[in-house]
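Colleague: See start-v1.txt below, with compact mmCIF, C-alpha atoms.
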# COMPACT_ATOMS: atom_id res chain seq x y z
CA MET A 1159 7.81 -23.07 -3.35
CA ASN A 1160 9.48 -21.47 -0.35
CA LEU A 1161 7.43 -20.37 2.64
CA ILE A 1162 8.34 -16.99 4.14
CA LEU A 1163 7.27 -16.40 7.75
CA GLN A 1164 7.46 -12.95 9.40
CA GLY A 1165 5.99 -11.58 12.58
CA PRO A 1166 6.68 -8.84 15.13
CA ALA A 1167 7.15 -11.43 17.89
CA LEU A 1168 7.99 -14.55 15.85
CA THR A 1169 10.79 -16.68 17.31
CA GLU A 1170 12.95 -19.31 15.63
CA ASN A 1171 11.52 -22.01 17.88
CA GLN A 1172 8.00 -21.09 16.81
CA ALA A 1173 8.95 -21.15 13.14
CA LYS A 1174 10.59 -24.57 13.61
CA GLU A 1175 7.18 -25.97 14.52
CA LEU A 1176 6.52 -25.97 10.77
CA GLY A 1177 9.87 -27.40 9.66
CA ALA A 1178 13.54 -26.60 9.10
CA VAL A 1179 14.07 -22.84 8.87
CA GLU A 1180 16.64 -20.43 7.44
CA PRO A 1181 16.82 -17.09 9.27
CA ILE A 1182 16.33 -14.14 6.89
CA ALA A 1183 16.35 -11.34 9.44
CA ALA A 1184 15.17 -10.78 12.99
CA ARG A 1185 11.66 -12.26 13.21
CA ALA A 1186 11.75 -13.56 9.62
CA PHE A 1187 12.44 -17.10 8.35
CA ARG A 1188 12.41 -19.11 5.12
CA LEU A 1189 11.28 -22.74 4.84
CA ARG A 1190 12.41 -24.20 1.51
CA ASN A 1191 10.27 -26.57 -0.56
CA PHE A 1192 7.30 -26.24 1.75
CA PRO A 1193 4.15 -28.09 0.57
CA VAL A 1194 1.87 -25.43 -0.89
CA HIS A 1195 -1.21 -27.55 -0.23
CA LYS A 1196 -0.51 -27.59 3.52
CA SER A 1197 -2.78 -25.12 5.29
CA ILE A 1198 -1.00 -22.91 7.80
CA SER A 1199 -3.42 -19.98 7.98
CA SER A 1200 -4.77 -20.88 11.42
CA TRP A 1201 -1.26 -21.28 12.84
CA CYS A 1202 -0.19 -17.92 11.40
CA GLU A 1203 -3.27 -16.14 12.69
CA GLU A 1204 -2.79 -17.62 16.16
CA HIS A 1205 0.83 -16.41 16.28
CA GLN A 1206 0.20 -13.12 14.41
CA VAL A 1207 2.55 -14.13 11.62
CA ASP A 1208 2.53 -13.04 7.98
CA HIS A 1209 3.22 -15.80 5.48
CA ALA A 1210 3.83 -15.98 1.75
CA PHE A 1211 4.75 -18.67 -0.77
CA MET A 1212 7.52 -17.53 -3.10
CA PRO A 1213 9.24 -19.32 -6.00
CA GLU A 1214 12.83 -20.34 -5.46
CA GLY A 1215 15.38 -17.80 -6.65
CA ARG A 1216 13.20 -14.67 -6.72
CA ARG A 1217 15.57 -11.78 -5.94
CA PHE A 1218 14.62 -8.23 -4.98
CA ALA A 1219 17.53 -6.93 -7.08
CA ASP A 1220 15.85 -8.34 -10.20
CA LEU A 1221 12.79 -6.14 -9.77
CA ARG A 1222 12.34 -3.03 -11.91
CA LEU A 1223 9.10 -1.49 -10.60
CA VAL A 1224 7.47 -1.27 -7.17
CA ALA A 1225 4.14 0.55 -6.95
CA MET A 1226 2.26 1.37 -3.80
CA ASP A 1227 -0.83 3.17 -2.59
CA MET A 1228 -0.44 6.18 -0.32
CA ASP A 1229 -3.20 6.31 2.30
CA SER A 1230 -3.01 3.47 4.85
CA THR A 1231 -0.12 1.93 2.90
CA LEU A 1232 2.85 4.29 2.55
CA ILE A 1233 1.39 6.41 5.36
CA THR A 1234 -0.58 5.32 8.40
CA MET A 1235 -3.75 7.34 7.86
CA GLU A 1236 -6.44 8.35 5.38
CA THR A 1237 -5.64 12.00 4.65
CA ILE A 1238 -9.19 12.86 3.61
CA ASP A 1239 -10.52 11.60 6.95
CA GLU A 1240 -8.06 13.83 8.81
CA LEU A 1241 -9.02 16.82 6.66
CA GLY A 1242 -12.60 16.05 7.57
CA ASP A 1243 -11.66 16.30 11.23
CA LEU A 1244 -10.69 19.95 10.69
CA VAL A 1245 -14.24 20.75 9.54
CA GLY A 1246 -15.99 18.54 12.09
CA ARG A 1247 -17.04 15.92 9.52
CA LYS A 1248 -14.54 13.11 10.18
CA PRO A 1249 -17.02 10.35 11.21
CA GLU A 1250 -19.18 10.99 8.15
CA ILE A 1251 -16.22 11.08 5.77
CA ALA A 1252 -14.48 8.11 7.39
CA ALA A 1253 -17.62 5.99 7.00
CA ILE A 1254 -17.70 6.72 3.26
CA THR A 1255 -13.96 6.01 3.00
CA ALA A 1256 -14.38 2.63 4.68
CA ARG A 1257 -17.20 1.64 2.34
CA ALA A 1258 -15.15 2.67 -0.69
CA MET A 1259 -12.10 0.70 0.46
CA ARG A 1260 -14.28 -2.40 0.95
CA GLY A 1261 -15.55 -1.97 -2.59
CA GLU A 1262 -19.14 -1.36 -1.52
CA ILE A 1263 -19.57 1.93 -3.41
CA ASP A 1264 -18.19 3.47 -6.59
CA TYR A 1265 -14.86 5.15 -5.82
CA PRO A 1266 -15.22 8.31 -7.95
CA GLU A 1267 -18.65 8.97 -6.47
CA SER A 1268 -17.38 8.33 -2.95
CA LEU A 1269 -14.55 10.81 -3.49
CA ARG A 1270 -16.89 13.49 -4.79
CA GLN A 1271 -19.13 13.00 -1.76
CA ARG A 1272 -16.24 13.27 0.68
CA VAL A 1273 -14.56 16.25 -1.01
CA SER A 1274 -17.86 18.13 -1.06
CA LEU A 1275 -17.90 17.90 2.74
CA LEU A 1276 -14.54 19.72 2.86
CA LYS A 1277 -15.91 22.84 1.18
CA GLY A 1278 -14.69 26.00 2.90
CA LEU A 1279 -11.62 24.45 4.55
CA GLY A 1280 -8.65 26.82 4.35
CA GLU A 1281 -5.78 25.48 2.26
CA ASP A 1282 -3.49 25.95 5.27
CA GLY A 1283 -5.33 22.95 6.72
CA LEU A 1284 -3.55 20.71 4.19
CA LEU A 1285 -0.13 21.71 5.50
CA ARG A 1286 -1.35 21.36 9.08
CA ILE A 1287 -2.32 17.73 8.43
CA TYR A 1288 1.01 17.03 6.73
CA ASP A 1289 3.07 18.63 9.50
CA GLU A 1290 1.10 17.46 12.54
CA ARG A 1291 -0.51 14.14 11.68
CA LEU A 1292 1.05 12.45 8.66
CA ARG A 1293 3.30 9.53 9.61
CA LEU A 1294 5.13 7.08 7.39
CA THR A 1295 4.29 3.43 7.81
CA ALA A 1296 6.93 1.41 9.64
CA GLY A 1297 9.50 0.06 7.20
CA ALA A 1298 8.56 2.45 4.38
CA GLU A 1299 11.92 4.21 4.26
CA THR A 1300 13.79 0.88 4.40
CA LEU A 1301 11.83 -0.46 1.43
CA LEU A 1302 12.34 2.70 -0.61
CA ALA A 1303 16.06 2.78 0.21
CA ALA A 1304 16.38 -0.77 -1.11
CA CYS A 1305 14.60 0.26 -4.29
CA ARG A 1306 17.09 3.09 -4.83
CA LYS A 1307 20.04 0.81 -4.05
CA HIS A 1308 19.01 -1.76 -6.67
CA GLY A 1309 17.74 0.67 -9.31
CA VAL A 1310 14.09 -0.31 -8.86
CA LYS A 1311 11.74 2.45 -10.02
CA THR A 1312 8.97 3.46 -7.61
CA LEU A 1313 5.42 4.58 -8.30
CA LEU A 1314 3.11 6.20 -5.75
CA VAL A 1315 -0.55 5.90 -6.74
CA SER A 1316 -3.28 7.61 -4.80
CA GLY A 1317 -6.97 8.30 -4.94
CA GLY A 1318 -5.97 11.00 -2.45
CA PHE A 1319 -4.48 14.37 -3.15
CA THR A 1320 -1.55 15.82 -5.05
CA PHE A 1321 -0.67 18.18 -2.20
CA PHE A 1322 0.42 15.25 -0.02
CA VAL A 1323 1.66 13.00 -2.83
CA GLU A 1324 4.09 15.58 -4.20
CA LEU A 1325 5.53 16.41 -0.78
CA LEU A 1326 6.12 12.71 -0.15
CA ARG A 1327 7.47 12.08 -3.64
CA THR A 1328 10.10 14.79 -3.19
CA ARG A 1329 10.91 13.87 0.39
CA LEU A 1330 11.31 10.13 -0.28
CA GLY A 1331 12.80 10.21 -3.78
CA ILE A 1332 9.88 8.40 -5.42
CA ASP A 1333 10.17 8.29 -9.21
CA TYR A 1334 6.56 8.55 -10.39
CA ALA A 1335 3.20 9.52 -8.91
CA ILE A 1336 -0.46 9.90 -9.81
CA SER A 1337 -3.17 11.48 -7.65
CA ASN A 1338 -6.16 13.84 -7.50
CA THR A 1339 -6.04 17.63 -7.31
CA LEU A 1340 -8.32 19.59 -5.00
CA GLU A 1341 -9.80 22.79 -6.40
CA ILE A 1342 -8.88 25.85 -4.33
CA ALA A 1343 -10.28 29.34 -4.76
CA ASN A 1344 -9.47 32.38 -2.63
CA GLY A 1345 -7.43 30.20 -0.27
CA ARG A 1346 -10.24 27.72 0.46
CA LEU A 1347 -11.32 24.32 -0.84
CA THR A 1348 -14.32 24.57 -3.16
CA GLY A 1349 -15.51 21.03 -2.46
CA ARG A 1350 -14.57 19.86 -5.95
CA VAL A 1351 -11.80 17.84 -7.60
CA LEU A 1352 -10.06 19.11 -10.74
CA GLY A 1353 -9.92 16.92 -13.83
CA ASP A 1354 -10.47 13.19 -14.08
CA ILE A 1355 -10.55 11.29 -10.81
CA VAL A 1356 -7.76 8.79 -10.14
CA ASP A 1357 -9.69 5.60 -9.57
CA ALA A 1358 -8.91 1.89 -9.93
CA ASP A 1359 -8.72 2.11 -13.72
CA ALA A 1360 -6.38 5.10 -13.63
CA LYS A 1361 -4.06 3.39 -11.16
CA ALA A 1362 -3.91 0.26 -13.31
CA ALA A 1363 -3.32 2.30 -16.48
CA LYS A 1364 -0.37 4.14 -14.95
CA PHE A 1365 1.12 0.88 -13.75
CA ARG A 1366 0.75 -0.68 -17.21
CA GLU A 1367 2.38 2.36 -18.82
CA LEU A 1368 5.47 2.04 -16.65
CA ALA A 1369 5.61 -1.76 -16.84
CA ARG A 1370 5.14 -1.97 -20.61
CA SER A 1371 8.73 -2.94 -21.36
CA LEU A 1372 9.17 -5.13 -18.27
CA LYS A 1373 8.58 -8.79 -17.55
CA LYS A 1374 5.66 -9.31 -15.20
CA ASP A 1375 7.83 -10.95 -12.54
CA GLN A 1376 9.90 -7.75 -12.38
CA THR A 1377 6.97 -5.84 -10.88
CA VAL A 1378 5.32 -5.53 -7.48
CA ALA A 1379 2.15 -3.67 -6.47
CA ILE A 1380 1.15 -2.96 -2.87
CA GLY A 1381 -2.25 -1.73 -1.72
CA ASP A 1382 -4.95 -1.95 0.92
CA GLY A 1383 -8.26 -1.02 -0.71
CA ALA A 1384 -10.60 -2.23 -3.42
CA ASN A 1385 -9.50 0.61 -5.69
CA ASP A 1386 -5.99 -0.92 -5.75
CA LEU A 1387 -7.11 -4.32 -7.04
CA LYS A 1388 -6.93 -3.61 -10.78
CA MET A 1389 -3.38 -2.29 -10.42
CA MET A 1390 -2.41 -5.23 -8.24
CA ALA A 1391 -3.73 -7.66 -10.85
CA GLU A 1392 -1.21 -6.25 -13.34
CA ALA A 1393 1.80 -7.04 -11.14
CA GLY A 1394 3.96 -10.12 -10.89
CA LEU A 1395 3.53 -9.99 -7.12
CA SER A 1396 0.60 -8.27 -5.45
CA VAL A 1397 0.79 -7.52 -1.73
CA ALA A 1398 -2.27 -6.77 0.36
CA PHE A 1399 -0.90 -4.48 3.07
CA HIS A 1400 -2.98 -4.29 6.28
CA ALA A 1401 -5.79 -4.62 3.80
CA LYS A 1402 -9.52 -5.13 3.59
CA PRO A 1403 -10.71 -8.78 3.24
CA VAL A 1404 -11.66 -8.30 -0.42
CA VAL A 1405 -8.07 -7.28 -1.17
CA ARG A 1406 -6.43 -10.04 0.87
CA ALA A 1407 -8.56 -12.60 -0.96
CA GLN A 1408 -7.27 -11.55 -4.39
CA ALA A 1409 -3.61 -10.70 -3.66
CA SER A 1410 -0.58 -12.96 -4.08
CA CYS A 1411 0.09 -12.55 -0.37
CA ALA A 1412 -0.86 -10.41 2.60
CA ILE A 1413 1.15 -8.46 5.14
CA SER A 1414 -1.10 -7.83 8.11
CA TYR A 1415 1.24 -7.64 11.09
CA CYS A 1416 4.64 -6.43 9.82
CA GLY A 1417 5.76 -3.15 8.23
CA LEU A 1418 6.48 -2.35 4.59
CA ASP A 1419 10.04 -3.64 4.90
CA ALA A 1420 8.48 -7.10 5.06
CA VAL A 1421 8.15 -6.86 1.27
CA LEU A 1422 11.95 -6.97 1.03
CA ARG A 1423 12.13 -10.20 2.98
CA LEU A 1424 9.80 -12.00 0.58
CA PHE A 1425 12.71 -12.07 -1.87
CA GLU A 1426 16.16 -13.64 -1.73
Starting from the file, lay out its structure as C-alpha cells.
Modeller:
Amino acid sequence: MNLILQGPALTENQAKELGAVEPIAARAFRLRNFPVHKSISSWCEEHQVDHAFMPEGRRFADLRLVAMDMDSTLITMETIDELGDLVGRKPEIAAITARAMRGEIDYPESLRQRVSLLKGLGEDGLLRIYDERLRLTAGAETLLAACRKHGVKTLLVSGGFTFFVELLRTRLGIDYAISNTLEIANGRLTGRVLGDIVDADAKAAKFRELARSLKKDQTVAIGDGANDLKMMAEAGLSVAFHAKPVVRAQASCAISYCGLDAVLRLFE
C-alpha cells in the first residue's frame, strides 16, 4: 500500500521523517510500499497532517462516480442552522443538528423538529442565506472540475433542502442530486417537509442506483455525518471529510485538515 500525506503546512523534510517521499503537489507526498501495520496517527495529529493508505495504481481517471454530502462537506455551513438564525432559534436548532450528525438521534425525527422551528420564516430568507452566507468548501471547485475533465459523474446528496441543492447543482455542473423540500404557503415556511425525508437509507439507495453498473472501486463517497455512513459503506473509497468521530472510525480514510481537492491527491 502507498501512504499519502497531505497537510496545510506539511514540508518535504517533515514527510521524509517517515521515509522516502514522492512529491504529489504542494504540501502532499506519496510514500510507496509503506508498512500498513505501522502506526502514524500520533505523528499526523501532531503535525496536522491527513493520511491515507491507497493501493498501488489507483487512478482518479478510472473513477466513474463521486458522491458527496452538501452541508459541512461541499459547503462550509449547516444551512438549517443559518435559517434558524433568521428566526432567533439557531442555538436550539444547531444543538439538534450536532446530535443528529453524531448519530445520537434519529435523523428524520431530528429534521422534523428543526424544520418545525422555522415555521413562519419568509421564503426570501432562503435566498438571503444563499447570497450572504453560503460558501463553498476550499478545493470543492477543483475536485468538481477534475470530475468533469475525466468524465466522472457527480452526485450531491443532502438531508438539507432542494432550494440550496438545485442552485448549487446548476452553478457547479453536478450531474445528480437528492434532497428534502420545504413546504411553503403564502410565501412562508409552514414548518413541514414535503414527501419522504432524505435520510441515510435514501442517500444509500440513490448511490446504489447510480453505481449499479459500476465496479465498486470506480466509486467514491464523501461525507461528514452519521447519516452519510450507509452511503459511504457502498463506495469503493469512503472519505470522512472534517467529520464526526463516528464517521472517521468507519471510513476508508479521513480528511480533517485539507480541502476537498485532497481527494484528488489520494489517487495517481
Colleague: Calculated over all atoms listed in the file, which of the candidates A:Pro1403, A:Gly1317, A:Gly1280, A:Pro1213 has the smallest distance to Glu1341 (chain A)?
Modeller: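 Among the listed residues, the smallest separation from Glu1341 (chain A) belongs to A:Gly1280.
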Colleague: Tell me which protein, DNA and RNA residues are within 9 Å of region 1252-1267 of chain A, counting only C-alpha atoms, leaving out same-chain ones fewer than 3 positions away, and put them as a ChimeraX atom specification.
Modeller: /A:1236,1238-1240,1242,1247-1249,1270-1272,1317,1355-1358,1382-1386,1401-1405
Colleague: Output C-alpha atoms of each residue in that selection to a file, as an mmCIF file, in the frame of the given file.
Modeller:
data_model
loop_
_atom_site.group_PDB
_atom_site.id
_atom_site.type_symbol
_atom_site.label_atom_id
_atom_site.label_comp_id
_atom_site.auth_asym_id
_atom_site.auth_seq_id
_atom_site.Cartn_x
_atom_site.Cartn_y
_atom_site.Cartn_z
ATOM 1 C CA GLU A 1236 -6.440 8.350 5.380
ATOM 2 C CA ILE A 1238 -9.190 12.860 3.610
ATOM 3 C CA ASP A 1239 -10.520 11.600 6.950
ATOM 4 C CA GLU A 1240 -8.060 13.830 8.810
ATOM 5 C CA GLY A 1242 -12.600 16.050 7.570
ATOM 6 C CA ARG A 1247 -17.040 15.920 9.520
ATOM 7 C CA LYS A 1248 -14.540 13.110 10.180
ATOM 8 C CA PRO A 1249 -17.020 10.350 11.210
ATOM 9 C CA ARG A 1270 -16.890 13.490 -4.790
ATOM 10 C CA GLN A 1271 -19.130 13.000 -1.760
ATOM 11 C CA ARG A 1272 -16.240 13.270 0.680
ATOM 12 C CA GLY A 1317 -6.970 8.300 -4.940
ATOM 13 C CA ILE A 1355 -10.550 11.290 -10.810
ATOM 14 C CA VAL A 1356 -7.760 8.790 -10.140
ATOM 15 C CA ASP A 1357 -9.690 5.600 -9.570
ATOM 16 C CA ALA A 1358 -8.910 1.890 -9.930
ATOM 17 C CA ASP A 1382 -4.950 -1.950 0.920
ATOM 18 C CA GLY A 1383 -8.260 -1.020 -0.710
ATOM 19 C CA ALA A 1384 -10.600 -2.230 -3.420
ATOM 20 C CA ASN A 1385 -9.500 0.610 -5.690
ATOM 21 C CA ASP A 1386 -5.990 -0.920 -5.750
ATOM 22 C CA ALA A 1401 -5.790 -4.620 3.800
ATOM 23 C CA LYS A 1402 -9.520 -5.130 3.590
ATOM 24 C CA PRO A 1403 -10.710 -8.780 3.240
ATOM 25 C CA VAL A 1404 -11.660 -8.300 -0.420
ATOM 26 C CA VAL A 1405 -8.070 -7.280 -1.170
#
Colleague: Between A:Lys1374, A:Arg1306, A:His1195, A:Arg1293, single out the one closest to Met1228 (chain A), counting only C-alpha atoms.
Modeller: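 Of A:Lys1374, A:Arg1306, A:His1195, A:Arg1293, the one nearest Met1228 (chain A) is A:Arg1293, counting only C-alpha atoms.
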Colleague: Calculated over all atoms listed in the file, which of the candidates A:Thr1295, A:Gln1376, A:Thr1169, A:Gln1164 has the smallest distance to Ala1210 (chain A)?
Modeller: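 With all atoms listed in the file as the atom set, the closest residue is A:Gln1164.
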Colleague: Which residues come within 10 Å of Leu1292 (chain A), counting only C-alpha atoms, excluding same-chain residues fewer than 2 positions away, as an MDAnalysis selection string?
Modeller: chainID A and resid 1229 1233:1237 1240 1285:1290 1294:1295 1322
Colleague: In Å, with one decimal, what is the gap from CA of Val1323 (chain A) to CA of Lys1361 (chain A)?
Modeller: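 Going from CA of Val1323 (chain A) over to CA of Lys1361 (chain A) covers 13.9 Å.
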Colleague: In Å, with one decimal, what is the gap from CA of Ser1337 (chain A) to CA of Asp1227 (chain A)?
Modeller: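 Going from CA of Ser1337 (chain A) over to CA of Asp1227 (chain A) covers 10.0 Å.
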Colleague: Would you work out the distance separating CA of Asn1160 (chain A) from CA of Glu1214 (chain A), expressed in Å to one decimal?
Modeller: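 Spanning CA of Asn1160 (chain A) to CA of Glu1214 (chain A) is a straight-line distance of 6.2 Å.
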Colleague: Counting only C-alpha atoms, figure out which residue out of A:Ser1197, A:Thr1320, A:Thr1312, A:Thr1377 gets nearest to Phe1211 (chain A).
Modeller: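 Counting only C-alpha atoms, the residue closest to Phe1211 (chain A) is A:Ser1197.
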Colleague: Got a sec: who's within 10 Å of Ala1184 (chain A), counting all atoms listed in the file, leaving out chain neighbours fewer than 6 positions off, as a VMD selection string?
Modeller: chain A and resid 1164 to 1170
Colleague: Can you take the partial region 1303-1327 of chain A, add N, CA and C atoms, and return it as a CSV table (one decimal), in the coordinates of the input?
Modeller:
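See selection-v8.csv below for the written result:
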chain,number,residue,atom,x,y,z
A,1303,ALA,N,14.6,2.7,0.3
A,1303,ALA,CA,16.1,2.8,0.2
A,1303,ALA,C,16.6,1.6,-0.6
A,1304,ALA,N,16.0,0.4,-0.4
A,1304,ALA,CA,16.4,-0.8,-1.1
A,1304,ALA,C,16.1,-0.6,-2.6
A,1305,CYS,N,14.9,0.0,-2.9
A,1305,CYS,CA,14.6,0.3,-4.3
A,1305,CYS,C,15.7,1.1,-5.0
A,1306,ARG,N,16.1,2.2,-4.3
A,1306,ARG,CA,17.1,3.1,-4.8
A,1306,ARG,C,18.4,2.3,-5.0
A,1307,LYS,N,18.8,1.5,-4.0
A,1307,LYS,CA,20.0,0.8,-4.0
A,1307,LYS,C,20.1,-0.1,-5.3
A,1308,HIS,N,19.0,-0.8,-5.6
A,1308,HIS,CA,19.0,-1.8,-6.7
A,1308,HIS,C,18.5,-1.2,-8.0
A,1309,GLY,N,18.2,0.1,-8.1
A,1309,GLY,CA,17.7,0.7,-9.3
A,1309,GLY,C,16.3,0.3,-9.7
A,1310,VAL,N,15.5,0.0,-8.6
A,1310,VAL,CA,14.1,-0.3,-8.9
A,1310,VAL,C,13.3,1.0,-8.9
A,1311,LYS,N,12.6,1.2,-9.9
A,1311,LYS,CA,11.7,2.4,-10.0
A,1311,LYS,C,10.5,2.3,-9.1
A,1312,THR,N,10.1,3.5,-8.6
A,1312,THR,CA,9.0,3.5,-7.6
A,1312,THR,C,7.8,4.3,-8.1
A,1313,LEU,N,6.6,3.9,-7.9
A,1313,LEU,CA,5.4,4.6,-8.3
A,1313,LEU,C,4.5,4.7,-7.1
A,1314,LEU,N,4.1,5.9,-6.8
A,1314,LEU,CA,3.1,6.2,-5.8
A,1314,LEU,C,1.8,6.5,-6.4
A,1315,VAL,N,0.8,5.7,-6.2
A,1315,VAL,CA,-0.6,5.9,-6.7
A,1315,VAL,C,-1.5,6.2,-5.6
A,1316,SER,N,-2.4,7.2,-5.9
A,1316,SER,CA,-3.3,7.6,-4.8
A,1316,SER,C,-4.6,8.2,-5.3
A,1317,GLY,N,-5.7,7.7,-4.7
A,1317,GLY,CA,-7.0,8.3,-4.9
A,1317,GLY,C,-7.1,9.5,-4.0
A,1318,GLY,N,-6.0,9.8,-3.3
A,1318,GLY,CA,-6.0,11.0,-2.4
A,1318,GLY,C,-5.4,12.2,-3.3
A,1319,PHE,N,-4.7,13.1,-2.6
A,1319,PHE,CA,-4.5,14.4,-3.2
A,1319,PHE,C,-3.0,14.7,-3.4
A,1320,THR,N,-2.9,15.4,-4.6
A,1320,THR,CA,-1.6,15.8,-5.0
A,1320,THR,C,-0.7,16.6,-4.0
A,1321,PHE,N,-1.4,17.4,-3.2
A,1321,PHE,CA,-0.7,18.2,-2.2
A,1321,PHE,C,0.2,17.3,-1.4
A,1322,PHE,N,-0.3,16.2,-0.9
A,1322,PHE,CA,0.4,15.2,0.0
A,1322,PHE,C,1.4,14.4,-0.9
A,1323,VAL,N,0.9,13.9,-2.0
A,1323,VAL,CA,1.7,13.0,-2.8
A,1323,VAL,C,3.0,13.7,-3.3
A,1324,GLU,N,2.9,14.9,-3.7
A,1324,GLU,CA,4.1,15.6,-4.2
A,1324,GLU,C,5.1,15.9,-3.1
A,1325,LEU,N,4.6,16.2,-1.9
A,1325,LEU,CA,5.5,16.4,-0.8
A,1325,LEU,C,6.2,15.1,-0.5
A,1326,LEU,N,5.5,14.0,-0.4
A,1326,LEU,CA,6.1,12.7,-0.2
A,1326,LEU,C,7.0,12.3,-1.3
A,1327,ARG,N,6.6,12.5,-2.5
A,1327,ARG,CA,7.5,12.1,-3.6
A,1327,ARG,C,8.8,12.8,-3.6
